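**Q** Have a peek at input-v7.txt (compact mmCIF, C-alpha atoms).
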# COMPACT_ATOMS: atom_id res chain seq x y z
CA MET M 1 0.00 0.00 0.00
CA GLU M 2 2.97 2.31 0.61
CA ARG M 3 3.98 1.94 -3.04
CA ILE M 4 0.44 2.72 -4.19
CA ARG M 5 0.39 5.82 -2.01
CA ALA M 6 3.62 6.81 -3.78
CA ARG M 7 1.69 6.50 -7.10
CA ASP M 8 3.44 3.31 -8.28
CA GLU M 9 1.15 1.85 -10.97
CA ARG M 10 2.93 -1.54 -10.86
CA ALA M 11 2.06 -1.90 -7.19
CA LEU M 12 -1.61 -1.47 -8.07
CA ALA M 13 -1.27 -4.05 -10.85
CA ASP M 14 0.25 -6.53 -8.35
CA LEU M 15 -2.55 -5.91 -5.86
CA TYR M 16 -5.13 -6.24 -8.64
CA ASP M 17 -3.74 -9.61 -9.72
CA ARG M 18 -3.95 -10.95 -6.17
CA HIS M 19 -7.44 -9.76 -5.29
CA ALA M 20 -9.46 -8.93 -8.43
CA ASP M 21 -11.14 -12.35 -8.78
CA LEU M 22 -12.36 -12.31 -5.18
CA LEU M 23 -13.62 -8.72 -5.42
CA TYR M 24 -15.38 -9.44 -8.71
CA SER M 25 -17.04 -12.52 -7.20
CA VAL M 26 -18.31 -10.53 -4.22
CA ILE M 27 -19.53 -7.66 -6.43
CA LEU M 28 -21.26 -10.09 -8.77
CA ARG M 29 -23.09 -11.69 -5.87
CA ILE M 30 -24.40 -8.27 -4.80
CA VAL M 31 -25.28 -6.54 -8.07
CA ARG M 32 -26.23 -9.78 -9.88
CA GLY M 33 -25.31 -8.55 -13.35
CA ALA M 34 -22.04 -9.17 -15.19
CA ALA M 35 -22.02 -5.80 -17.01
CA GLU M 36 -22.73 -3.87 -13.81
CA ALA M 37 -20.22 -5.96 -11.87
CA GLU M 38 -17.54 -5.02 -14.43
CA GLU M 39 -18.29 -1.33 -13.98
CA VAL M 40 -18.29 -1.61 -10.18
CA LEU M 41 -15.02 -3.55 -10.24
CA GLN M 42 -13.41 -0.80 -12.31
CA GLU M 43 -14.78 1.92 -10.00
CA THR M 44 -13.51 -0.05 -6.99
CA TRP M 45 -9.92 -0.17 -8.24
CA LEU M 46 -9.91 3.48 -9.23
CA GLN M 47 -11.15 4.30 -5.73
CA VAL M 48 -8.39 2.13 -4.25
CA TRP M 49 -5.83 4.06 -6.31
CA ARG M 50 -7.23 7.45 -5.34
CA THR M 51 -7.88 6.76 -1.66
CA ALA M 52 -4.98 4.46 -0.75
CA GLY M 53 -3.94 7.15 1.73
CA SER M 54 -7.09 6.51 3.76
CA TYR M 55 -6.21 2.85 4.35
CA ASP M 56 -5.44 2.34 8.03
CA ALA M 57 -3.58 -0.91 8.72
CA SER M 58 -4.67 -0.81 12.35
CA ARG M 59 -8.29 -1.30 11.22
CA GLY M 60 -7.67 -4.56 9.34
CA ALA M 61 -5.70 -6.29 6.60
CA VAL M 62 -5.49 -4.99 3.04
CA GLY M 63 -7.71 -7.78 1.70
CA ALA M 64 -10.46 -6.93 4.16
CA TRP M 65 -10.22 -3.24 3.26
CA LEU M 66 -10.44 -4.03 -0.46
CA VAL M 67 -13.52 -6.19 0.11
CA THR M 68 -15.07 -3.37 2.13
CA VAL M 69 -14.48 -0.88 -0.69
CA ALA M 70 -15.89 -3.30 -3.29
CA ARG M 71 -18.96 -4.15 -1.20
CA SER M 72 -19.61 -0.51 -0.46
CA ARG M 73 -19.56 0.43 -4.15
CA ALA M 74 -21.66 -2.60 -5.12
CA ILE M 75 -24.26 -1.85 -2.46
CA ASP M 76 -24.37 1.82 -3.55
CA ARG M 77 -25.02 0.58 -7.09
CA LEU M 78 -27.67 -1.81 -5.86
CA ARG M 79 -29.48 1.02 -4.09
CA SER M 80 -29.32 3.49 -6.95
CA GLU M 81 -32.39 4.15 -9.06
CA GLY M 82 -30.44 3.61 -12.26
CA SER M 83 -29.37 0.17 -11.18
CA ARG M 84 -32.91 -0.91 -10.39
CA ARG M 85 -34.08 0.23 -13.80
CA ARG M 86 -31.31 -1.62 -15.55
CA VAL M 87 -31.77 -4.80 -13.58
CA GLU M 88 -35.41 -4.79 -14.56
CA SER M 89 -34.74 -4.14 -18.22
CA GLU M 90 -31.63 -6.25 -18.69
CA SER M 91 -30.57 -9.55 -17.35
CA THR M 92 -27.34 -11.30 -16.97
CA LEU M 93 -25.38 -14.43 -16.48
CA ASP M 94 -22.72 -15.01 -13.91
CA PRO M 95 -19.62 -15.86 -15.89
CA PRO M 96 -18.20 -19.31 -15.38
CA ALA M 97 -15.62 -20.12 -12.76
CA PRO M 98 -12.03 -19.81 -13.97
CA THR M 99 -10.53 -22.70 -15.84
CA ALA M 100 -7.22 -21.33 -17.09
CA ASP M 101 -5.17 -22.25 -14.03
CA ALA M 102 -6.38 -25.61 -12.78
CA ALA M 103 -4.25 -25.65 -9.60
CA ASP M 104 -5.30 -22.15 -8.61
CA GLU M 105 -8.90 -22.93 -9.42
CA ALA M 106 -8.83 -26.11 -7.31
CA SER M 107 -7.27 -24.25 -4.39
CA GLN M 108 -9.82 -21.43 -4.54
CA ARG M 109 -12.66 -23.92 -4.87
CA GLN M 110 -11.48 -25.96 -1.88
CA ARG M 111 -11.19 -22.83 0.20
CA SER M 112 -14.63 -21.68 -0.87
CA GLU M 113 -16.01 -25.12 0.01
CA ARG M 114 -14.39 -25.06 3.46
CA VAL M 115 -15.81 -21.62 4.22
CA THR M 116 -19.22 -22.58 2.82
CA ALA M 117 -19.18 -25.69 5.02
CA ALA M 118 -18.29 -23.53 8.03
CA LEU M 119 -21.14 -21.15 7.23
CA GLY M 120 -23.40 -24.20 7.04
CA GLN M 121 -22.45 -25.11 10.60
CA LEU M 122 -23.64 -21.78 11.96
CA GLU M 123 -27.05 -21.48 13.55
CA THR M 124 -29.56 -20.58 10.84
CA HIS M 125 -30.33 -17.15 12.31
CA HIS M 126 -26.61 -16.39 12.67
CA ARG M 127 -25.95 -17.25 9.05
CA GLN M 128 -29.01 -15.29 7.94
CA VAL M 129 -28.00 -12.02 9.60
CA LEU M 130 -24.45 -12.36 8.28
CA GLU M 131 -25.55 -12.93 4.69
CA LEU M 132 -28.17 -10.18 4.82
CA ALA M 133 -25.59 -7.73 6.11
CA TYR M 134 -22.92 -8.80 3.69
CA TYR M 135 -24.76 -9.11 0.41
CA SER M 136 -28.03 -7.17 0.67
CA GLY M 137 -26.67 -3.93 2.09
CA LEU M 138 -29.45 -3.80 4.70
CA SER M 139 -28.79 -1.91 7.93
CA GLN M 140 -29.10 -3.70 11.27
CA VAL M 141 -32.46 -1.99 11.82
CA GLU M 142 -33.70 -3.31 8.46
CA ILE M 143 -32.31 -6.78 9.18
CA ALA M 144 -34.10 -6.80 12.54
CA GLY M 145 -37.35 -6.06 10.70
CA ARG M 146 -36.62 -8.72 8.10
CA VAL M 147 -35.88 -11.54 10.57
CA GLY M 148 -38.39 -10.39 13.19
CA ALA M 149 -35.89 -10.04 16.04
CA PRO M 150 -35.08 -7.10 18.34
CA LEU M 151 -32.26 -4.83 17.16
CA GLY M 152 -30.04 -5.70 20.12
CA THR M 153 -30.43 -9.39 19.34
CA VAL M 154 -29.40 -8.84 15.71
CA LYS M 155 -26.27 -6.98 16.85
CA SER M 156 -25.43 -9.80 19.21
CA TRP M 157 -26.09 -12.51 16.59
CA THR M 158 -23.80 -10.75 14.10
CA ARG M 159 -20.91 -10.80 16.56
CA GLN M 160 -21.54 -14.39 17.64
CA ALA M 161 -21.74 -15.48 13.98
CA LEU M 162 -18.36 -13.92 13.16
CA LEU M 163 -16.70 -15.39 16.23
CA LYS M 164 -18.07 -18.85 15.48
CA LEU M 165 -17.10 -18.66 11.81
CA GLY M 166 -13.59 -17.61 12.75
CA SER M 167 -13.26 -20.61 15.03
CA LEU M 168 -14.43 -23.09 12.37
CA VAL M 169 -12.03 -22.21 9.55
CA PRO M 170 -8.32 -23.15 9.45
CA PRO M 171 -6.00 -20.15 9.95
CA GLU M 172 -4.49 -20.50 6.44
CA ASP M 173 -7.87 -19.61 4.92
CA PHE M 174 -7.86 -16.19 6.56
CA SER M 175 -5.52 -14.53 4.06
CA MET Y 1 -15.23 8.20 25.05
CA ALA Y 2 -13.58 5.45 27.15
CA HIS Y 3 -14.07 1.87 26.02
CA GLN Y 4 -17.38 0.32 27.04
CA ASP Y 5 -18.86 -3.13 26.41
CA GLU Y 6 -21.31 -1.69 23.86
CA HIS Y 7 -18.33 -0.83 21.68
CA LEU Y 8 -17.51 -4.52 21.31
CA ILE Y 9 -20.99 -5.12 19.90
CA LEU Y 10 -20.51 -2.26 17.44
CA CYS Y 11 -17.25 -3.82 16.21
CA ALA Y 12 -19.20 -6.62 14.48
CA GLY Y 13 -21.54 -4.20 12.69
CA PHE Y 14 -18.55 -2.07 11.73
CA VAL Y 15 -16.72 -4.90 9.96
CA VAL Y 16 -19.79 -6.18 8.09
CA GLY Y 17 -20.87 -2.60 7.32
CA ASP Y 18 -24.43 -2.59 8.62
CA LEU Y 19 -24.21 0.11 11.32
CA SER Y 20 -26.43 3.16 10.91
CA ASP Y 21 -24.63 6.32 9.76
CA GLU Y 22 -24.84 7.79 13.25
CA GLU Y 23 -23.49 4.62 14.91
CA ARG Y 24 -20.62 4.42 12.42
CA ARG Y 25 -19.70 8.08 12.93
CA LEU Y 26 -19.61 7.69 16.72
CA PHE Y 27 -17.72 4.42 16.53
CA GLU Y 28 -15.10 5.82 14.16
CA ALA Y 29 -14.62 8.75 16.56
CA HIS Y 30 -14.07 6.19 19.33
CA LEU Y 31 -11.50 4.35 17.17
CA ASP Y 32 -9.74 7.62 16.40
CA GLU Y 33 -9.19 7.99 20.14
CA GLY Y 34 -6.99 4.89 19.82
CA CYS Y 35 -9.02 2.25 21.68
CA ALA Y 36 -6.73 -0.79 21.64
CA VAL Y 37 -9.50 -3.18 22.74
CA CYS Y 38 -11.73 -2.29 19.79
CA ARG Y 39 -8.85 -2.31 17.31
CA ALA Y 40 -7.96 -5.86 18.38
CA GLU Y 41 -11.59 -6.90 18.13
CA ILE Y 42 -11.89 -5.40 14.65
CA GLU Y 43 -8.78 -7.27 13.58
CA ARG Y 44 -10.27 -10.55 14.84
CA LEU Y 45 -13.80 -10.04 13.49
CA GLY Y 46 -12.55 -8.47 10.25
CA ARG Y 47 -10.72 -11.67 9.38
CA ALA Y 48 -13.93 -13.64 9.87
CA ALA Y 49 -15.91 -11.11 7.79
CA TYR Y 50 -13.33 -11.50 5.02
CA LEU Y 51 -14.06 -15.24 5.07
CA VAL Y 52 -17.68 -14.57 4.13
CA ALA Y 53 -16.35 -13.09 0.88
CA SER Y 54 -14.41 -16.29 0.24
CA ALA Y 55 -17.63 -18.28 0.33
CA ALA Y 56 -18.95 -16.52 -2.79
CA PRO Y 57 -18.53 -18.71 -5.90
CA ILE Y 58 -15.24 -17.58 -7.44
CA HIS Y 59 -15.43 -15.94 -10.86
CA ARG Y 60 -12.51 -14.67 -12.88
CA ALA Y 61 -12.49 -10.90 -13.21
CA PRO Y 62 -12.82 -9.88 -16.89
CA THR Y 63 -9.38 -9.16 -18.34
CA ALA Y 64 -10.65 -5.98 -20.04
CA VAL Y 65 -11.22 -4.37 -16.63
CA ARG Y 66 -7.56 -4.77 -15.65
CA ALA Y 67 -6.45 -2.99 -18.82
CA ARG Y 68 -8.98 -0.17 -18.35
CA VAL Y 69 -8.01 0.35 -14.69
CA LEU Y 70 -4.29 0.42 -15.43
CA ASP Y 71 -4.75 2.77 -18.41
CA ALA Y 72 -6.71 5.21 -16.25
CA VAL Y 73 -4.20 4.94 -13.42
CA ARG Y 74 -1.24 5.55 -15.74
CA ALA Y 75 -2.97 8.62 -17.16
CA GLU Y 76 -3.59 9.97 -13.64
CA ALA Y 77 -0.03 9.20 -12.55
CA ALA Y 78 1.35 10.98 -15.64
CA ALA Y 79 -0.81 14.01 -14.88
CA ASP Y 80 0.40 13.97 -11.26
CA ARG Y 81 4.01 13.86 -12.38
CA ALA Y 82 3.43 16.68 -14.84
CA SER Y 83 1.95 18.83 -12.10
CA ARG Y 84 4.99 18.46 -9.84
CA PRO Y 85 7.67 21.14 -10.20
CA THR Y 86 11.08 19.64 -11.03
CA GLN Y 87 13.25 22.75 -10.46
CA PRO Y 88 13.73 24.86 -7.37
CA LEU Y 89 11.33 27.76 -7.72
CA ALA Y 90 13.65 30.49 -6.43
CA MET Y 91 17.32 31.10 -5.73
CA ALA Y 92 18.92 33.34 -3.13
CA PRO Y 93 19.52 36.76 -4.69
CA ARG Y 94 23.09 38.06 -4.96
CA ARG Y 95 23.78 41.37 -3.25
CA ARG Y 96 24.20 43.94 -6.02
CA PRO Y 97 23.14 47.51 -6.69
CA LEU Y 98 19.49 47.62 -7.84
CA ALA Y 99 18.94 44.26 -6.19
CA TRP Y 100 15.32 45.24 -5.61
CA ALA Y 101 14.81 45.52 -9.40
CA TRP Y 102 16.28 42.09 -9.98
CA GLY Y 103 14.15 40.78 -7.11
CA ALA Y 104 10.99 42.25 -8.59
CA ALA Y 105 11.82 40.79 -11.99
CA ALA Y 106 12.47 37.40 -10.41
CA LEU Y 107 9.14 37.54 -8.57
CA LEU Y 108 7.34 38.39 -11.80
CA ALA Y 109 9.09 35.52 -13.60
CA LEU Y 110 8.25 33.19 -10.72
CA ALA Y 111 4.57 34.22 -10.77
CA ALA Y 112 4.45 33.71 -14.53
CA GLY Y 113 6.14 30.32 -14.15
CA VAL Y 114 3.72 29.17 -11.47
CA TRP Y 115 0.75 30.36 -13.52
CA HIS Y 116 2.10 28.58 -16.60
CA TRP Y 117 2.77 25.40 -14.60
CA ARG Y 118 -0.76 25.37 -13.18
CA VAL Y 119 -2.41 25.95 -16.55
CA THR Y 120 -0.24 23.26 -18.16
CA ALA Y 121 -0.95 20.78 -15.39
CA ASP Y 122 -4.72 21.43 -15.65
CA ILE Y 123 -4.68 20.96 -19.40
CA GLU Y 124 -2.64 17.78 -19.14
CA ARG Y 125 -4.99 16.40 -16.48
CA GLN Y 126 -8.04 17.19 -18.62
CA LEU Y 127 -6.32 15.72 -21.67
CA ALA Y 128 -5.50 12.49 -19.80
CA ALA Y 129 -9.10 12.19 -18.57
CA THR Y 130 -10.46 12.83 -22.08
CA ARG Y 131 -8.09 10.26 -23.59
CA SER Y 132 -9.25 7.73 -21.02
CA GLU Y 133 -12.94 8.44 -21.79
CA VAL Y 134 -12.34 8.22 -25.55
CA ALA Y 135 -10.52 4.91 -25.14
CA ALA Y 136 -13.42 3.51 -23.10
CA LEU Y 137 -15.99 4.72 -25.66
CA GLU Y 138 -13.95 3.26 -28.55
CA ALA Y 139 -13.79 -0.07 -26.75
CA LYS Y 140 -17.57 -0.04 -26.20
CA LEU Y 141 -18.22 0.90 -29.83
CA HIS Y 142 -15.96 -1.91 -31.03
CA ILE Y 143 -17.85 -4.41 -28.87
CA GLU Y 144 -21.23 -3.22 -30.21
CA GLU Y 145 -19.97 -3.45 -33.82
CA GLU Y 146 -18.95 -7.05 -33.23
CA TRP Y 147 -22.41 -7.87 -31.84
CA THR Y 148 -24.10 -6.15 -34.78
CA ALA Y 149 -22.12 -8.44 -37.10
CA PHE Y 150 -23.18 -11.46 -35.02
CA TRP Y 151 -26.82 -11.14 -36.07
CA SER Y 152 -25.94 -11.44 -39.77
CA ALA Y 153 -23.32 -14.21 -39.35
CA PRO Y 154 -23.83 -16.74 -42.18
CA HIS Y 155 -23.34 -19.84 -40.01
CA ALA Y 156 -25.28 -18.71 -36.93
CA ARG Y 157 -27.91 -21.22 -35.87
CA GLU Y 158 -30.86 -21.14 -33.53
CA ILE Y 159 -31.32 -23.81 -30.84
CA ARG Y 160 -34.55 -24.07 -28.90
CA LEU Y 161 -34.03 -25.83 -25.54
CA GLU Y 162 -36.72 -28.40 -24.68
CA PRO Y 163 -37.80 -29.45 -21.17
CA THR Y 164 -36.51 -32.76 -19.82
CA PRO Y 165 -38.70 -34.93 -17.52
CA ASP Y 166 -37.25 -32.84 -14.62
CA GLY Y 167 -38.09 -29.57 -16.40
CA SER Y 168 -41.21 -27.57 -17.08
CA LYS Y 169 -42.87 -26.22 -20.21
CA GLU Y 170 -43.03 -22.87 -18.43
CA LEU Y 171 -39.28 -22.47 -18.95
CA VAL Y 172 -38.58 -21.03 -22.39
CA ALA Y 173 -35.01 -20.81 -23.68
CA LYS Y 174 -33.53 -20.10 -27.09
CA VAL Y 175 -29.80 -19.97 -27.95
CA THR Y 176 -28.48 -18.29 -31.09
CA TYR Y 177 -24.94 -19.57 -31.62
CA ASP Y 178 -22.32 -18.59 -34.20
CA PRO Y 179 -19.52 -21.20 -34.40
CA ASP Y 180 -17.30 -18.81 -36.40
CA SER Y 181 -17.15 -15.98 -33.83
CA LYS Y 182 -17.76 -18.32 -30.86
CA ARG Y 183 -20.52 -16.00 -29.69
CA ALA Y 184 -24.00 -16.78 -28.48
CA VAL Y 185 -27.10 -14.91 -27.41
CA VAL Y 186 -29.43 -16.66 -24.98
CA ALA Y 187 -33.05 -15.54 -24.54
CA LEU Y 188 -34.87 -16.89 -21.49
CA SER Y 189 -38.40 -16.51 -20.09
CA ASN Y 190 -39.91 -17.56 -16.74
CA PHE Y 191 -36.49 -18.16 -15.18
CA THR Y 192 -37.28 -17.10 -11.62
CA PRO Y 193 -35.63 -19.89 -9.58
CA PRO Y 194 -37.26 -21.49 -6.52
CA ALA Y 195 -36.03 -20.13 -3.15
CA GLY Y 196 -32.46 -21.19 -2.41
CA LYS Y 197 -31.87 -22.32 -5.99
CA ASP Y 198 -30.30 -20.95 -9.19
CA TYR Y 199 -30.53 -21.97 -12.81
CA GLN Y 200 -27.17 -22.62 -14.49
CA LEU Y 201 -26.38 -22.68 -18.22
CA TRP Y 202 -24.08 -25.32 -19.71
CA ALA Y 203 -22.36 -26.06 -23.02
CA ILE Y 204 -22.18 -29.81 -23.60
CA THR Y 205 -19.05 -30.82 -25.53
CA ALA Y 206 -17.58 -34.23 -26.44
CA SER Y 207 -15.41 -33.95 -23.29
CA GLY Y 208 -18.37 -33.23 -21.04
CA PRO Y 209 -20.31 -30.26 -19.68
CA ALA Y 210 -18.71 -26.81 -19.26
CA SER Y 211 -20.47 -24.16 -17.21
CA LEU Y 212 -21.38 -20.95 -19.00
CA GLY Y 213 -22.54 -19.38 -15.75
CA VAL Y 214 -25.39 -18.98 -13.30
CA ILE Y 215 -28.43 -17.27 -14.80
CA ARG Y 216 -29.49 -13.98 -13.23
CA ALA Y 217 -32.88 -13.09 -14.69
CA ASP Y 218 -34.69 -9.81 -14.07
CA GLY Y 219 -37.63 -9.43 -11.67
CA ALA Y 220 -40.03 -10.86 -14.25
CA GLY Y 221 -37.86 -13.94 -14.80
CA ASN Y 222 -36.63 -12.82 -18.24
CA ALA Y 223 -33.04 -12.74 -19.43
CA LEU Y 224 -31.21 -11.80 -22.61
CA ILE Y 225 -27.58 -12.80 -22.32
CA ARG Y 226 -24.62 -12.24 -24.62
CA LEU Y 227 -21.76 -14.72 -24.39
CA THR Y 228 -18.29 -14.70 -25.91
CA ASP Y 229 -15.76 -17.53 -26.27
CA VAL Y 230 -18.51 -20.17 -26.33
CA GLY Y 231 -16.89 -23.45 -27.30
CA ALA Y 232 -13.49 -21.77 -27.75
CA ALA Y 233 -11.74 -24.94 -26.58
CA GLU Y 234 -14.23 -27.42 -28.01
CA ALA Y 235 -17.38 -26.92 -30.10
CA PRO Y 236 -20.59 -27.48 -28.13
CA ALA Y 237 -22.84 -30.33 -29.27
CA ALA Y 238 -25.71 -29.06 -27.12
CA PHE Y 239 -26.73 -26.44 -24.57
CA ALA Y 240 -28.47 -27.29 -21.31
CA VAL Y 241 -29.86 -25.67 -18.17
CA SER Y 242 -29.70 -27.28 -14.71
CA LEU Y 243 -31.32 -26.33 -11.41
CA GLU Y 244 -28.65 -25.93 -8.74
CA ALA Y 245 -28.27 -24.85 -5.14
CA ALA Y 246 -27.91 -21.05 -4.86
CA GLY Y 247 -24.64 -19.91 -6.38
CA GLY Y 248 -24.40 -22.77 -8.86
CA ALA Y 249 -22.79 -26.20 -9.04
CA PRO Y 250 -19.64 -26.71 -6.93
CA THR Y 251 -17.60 -27.45 -10.05
CA PRO Y 252 -17.81 -25.85 -13.51
CA HIS Y 253 -17.35 -29.27 -15.10
CA ALA Y 254 -20.60 -31.03 -14.10
CA PRO Y 255 -24.12 -30.09 -13.02
CA ALA Y 256 -24.91 -31.22 -9.46
CA GLY Y 257 -28.67 -30.69 -9.80
CA PRO Y 258 -31.19 -31.97 -12.34
CA VAL Y 259 -30.91 -30.89 -15.98
CA VAL Y 260 -34.22 -29.19 -16.79
CA LEU Y 261 -33.71 -28.08 -20.41
CA VAL Y 262 -31.54 -29.31 -23.25
CA GLY Y 263 -31.15 -28.51 -26.96
CA LYS Y 264 -28.79 -29.99 -29.56
CA VAL Y 265 -26.73 -27.81 -31.86
CA GLY Y 266 -27.74 -28.72 -35.41
CA VAL Y 267 -25.23 -29.14 -38.23
Please, can you express the file's structure as structure tokens?
**A**
Amino acid sequence: MERIRARDERALADLYDRHADLLYSVILRIVRGAAEAEEVLQETWLQVWRTAGSYDASRGAVGAWLVTVARSRAIDRLRSEGSRRRVESESTLDPPAPTADAADEASQRQRSERVTAALGQLETHHRQVLELAYYSGLSQVEIAGRVGAPLGTVKSWTRQALLKLGSLVPPEDFS
Amino acid sequence: MAHQDEHLILCAGFVVGDLSDEERRLFEAHLDEGCAVCRAEIERLGRAAYLVASAAPIHRAPTAVRARVLDAVRAEAAADRASRPTQPLAMAPRRRPLAWAWGAAALLALAAGVWHWRVTADIERQLAATRSEVAALEAKLHIEEEWTAFWSAPHAREIRLEPTPDGSKELVAKVTYDPDSKRAVVALSNFTPPAGKDYQLWAITASGPASLGVIRADGAGNALIRLTDVGAAEAPAAFAVSLEAAGGAPTPHAPAGPVVLVGKVGV
């Protein structure tokens, strides 16, 4: 991130190569349209380039910050009027999973499967609040209304869900 | 504000991003005060929140985006460099008679130089932005021209997908496929999946099925999808649709759920 702050384009290219597939996958799950996901991915990386100075390492790892930027832009897009119009008038297809690098693909798939299995072990209401927060862009107040639970309970469930998930996944899957 | 137990609860909402604006503002102010307890909690919960991202089915980011991002970034970096002065702006004046006159002349020259530098930097920045926009528009135009040609391709063929015993006549799907350009357009109706499920499109080749992706229809269940590189490795003998768990089949090489529609590519 220091190199990006110093306006080193190659540093951004390196970071892009390490994280772009994951960010695109998250964006695609939120906006649900390949064309929109492409635009949001591009906006995300330009924001990373322009706001690298705002990254604070004491508030989490680079990967987590990148995912936060991508989710934030995707959720903004999801909420915008223009997006709703386009989703209604167009439709899309999630592109296929990568096939070019079989070893990389297998590793990513296994990791995804382990995390999915861990999510499956969570209590249903824990998993539900986590997924609603992560992919729908709903606030905790809105989630409380959606699941029919008091706001304080939703806050507590969110924390418990993250703690449980963290305990179920091997440490090597965290980075 | 000193650390309180409620702050620990806010840490979870902070990392998944579902705090209200007011809560986030107050919590960030608390973090800015340097609360070590909350920073450690954010580190711990943030790692778990990052895992949720890993559970999304992995898709390769389109290569065109990388090129567009790096082009834009290079243009911005070039503009930044152009706007930085490379020479010292002033030198210590030598003590001579009429030094004030030389000083005034130097100040005038300096003001003119700064003005010129600012104007040049602005123009270069605008030029870089315009070049970037033109490049993006040219790329879009090129893509649309290729799709216009698709509809008059001499070898393009139309494949209507028929329901299997696991399918339904409500599902309507038609694929227009051009083996020369390896492009296809898929038109779908009534493709609203049951709760917790997704429809997935497949190309069936001699080596087996290859996923073309999970179908995301609009609110009415309709979809019109443009695909490139269809059958680039191996020509498809048929197209099919399967009903999968949400997110699609675990592997892009075989449906896990029932195949609901199938249509052979004619010769």
**Q** Could you please determine the separation between CA of His19 in chain M and CA of Leu66 in chain M in Å, to one decimal place?
**A**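 We find that CA of His19 in chain M and CA of Leu66 in chain M lie 8.1 Å from each other.
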**Q** Using only C-alpha atoms, find the one residue out of Y:Ala121, Y:Leu141, Y:Ala223, Y:Ala235 that sits nearest to chain M.
**A**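 Looking only at the distances to chain M, the closest residue turns out to be Y:Ala223.
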**Q** Select all residues from chain Y having any atom no more than 7 Å from an atom of chain M (counting all atoms listed in the file, ignoring ligands), output as a PyMOL selection string.
**A** chain Y and resi 9+12-13+16+18-20+39+42-43+45-51+53-61+65+69+73-74+77+211-219+222-225+252
**Q** Would you be able to write out as a ChimeraX atom specification which residues have an atom within 12 Å of (-39.8, -32.8, -15.7) in the file's coordinates, counting all atoms listed in the file?
**A** /Y:162-171,242-243,258-262
**Q** State, in Å with one decimal place, the distance from CA of Gln200 in chain Y to CA of Glu244 in chain Y.
**A**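 Separation of CA of Gln200 in chain Y and CA of Glu244 in chain Y: 6.8 Å.
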**Q** Calculate how many Å separate CA of Pro209 in chain Y from CA of Lys174 in chain Y, rounding to one decimal.
**A**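 CA of Lys174 in chain Y lies at a distance of 18.2 Å from CA of Pro209 in chain Y.
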**Q** Find the residue from M:Ile30, M:Val48, M:Ala35, M:Ala144 that sits nearest to Ala11 in chain M; use only C-alpha atoms when measuring.
**A**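 Of the candidates, the smallest distance to Ala11 in chain M is held by M:Val48.
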**Q** Would you mind completing range 228-239 of chain Y so that it carries N, CA and C atoms, and writing it out as a compact mmCIF listing (two decimals), in the frame of the given file?
**A**
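For reference, out.txt as written:
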# COMPACT_ATOMS: atom_id res chain seq x y z
N THR Y 228 -19.43 -14.61 -24.99
CA THR Y 228 -18.29 -14.70 -25.91
C THR Y 228 -17.49 -15.95 -25.56
N ASP Y 229 -16.64 -16.36 -26.48
CA ASP Y 229 -15.76 -17.53 -26.27
C ASP Y 229 -16.55 -18.80 -25.95
N VAL Y 230 -17.74 -18.95 -26.55
CA VAL Y 230 -18.51 -20.17 -26.33
C VAL Y 230 -17.90 -21.28 -27.19
N GLY Y 231 -17.48 -22.34 -26.55
CA GLY Y 231 -16.89 -23.45 -27.30
C GLY Y 231 -15.53 -23.10 -27.86
N ALA Y 232 -14.81 -22.15 -27.23
CA ALA Y 232 -13.49 -21.77 -27.75
C ALA Y 232 -12.55 -22.96 -27.73
N ALA Y 233 -12.63 -23.78 -26.68
CA ALA Y 233 -11.74 -24.94 -26.58
C ALA Y 233 -12.30 -26.12 -27.38
N GLU Y 234 -13.61 -26.25 -27.37
CA GLU Y 234 -14.23 -27.42 -28.01
C GLU Y 234 -15.67 -27.04 -28.39
N ALA Y 235 -16.05 -27.34 -29.63
CA ALA Y 235 -17.38 -26.92 -30.10
C ALA Y 235 -18.48 -27.60 -29.29
N PRO Y 236 -19.50 -26.85 -28.88
CA PRO Y 236 -20.59 -27.48 -28.13
C PRO Y 236 -21.49 -28.32 -29.05
N ALA Y 237 -21.89 -29.49 -28.53
CA ALA Y 237 -22.84 -30.33 -29.27
C ALA Y 237 -24.26 -30.00 -28.82
N ALA Y 238 -24.38 -29.41 -27.64
CA ALA Y 238 -25.71 -29.06 -27.12
C ALA Y 238 -25.56 -27.99 -26.05
N PHE Y 239 -26.67 -27.36 -25.72
CA PHE Y 239 -26.73 -26.44 -24.57
C PHE Y 239 -27.76 -27.00 -23.60
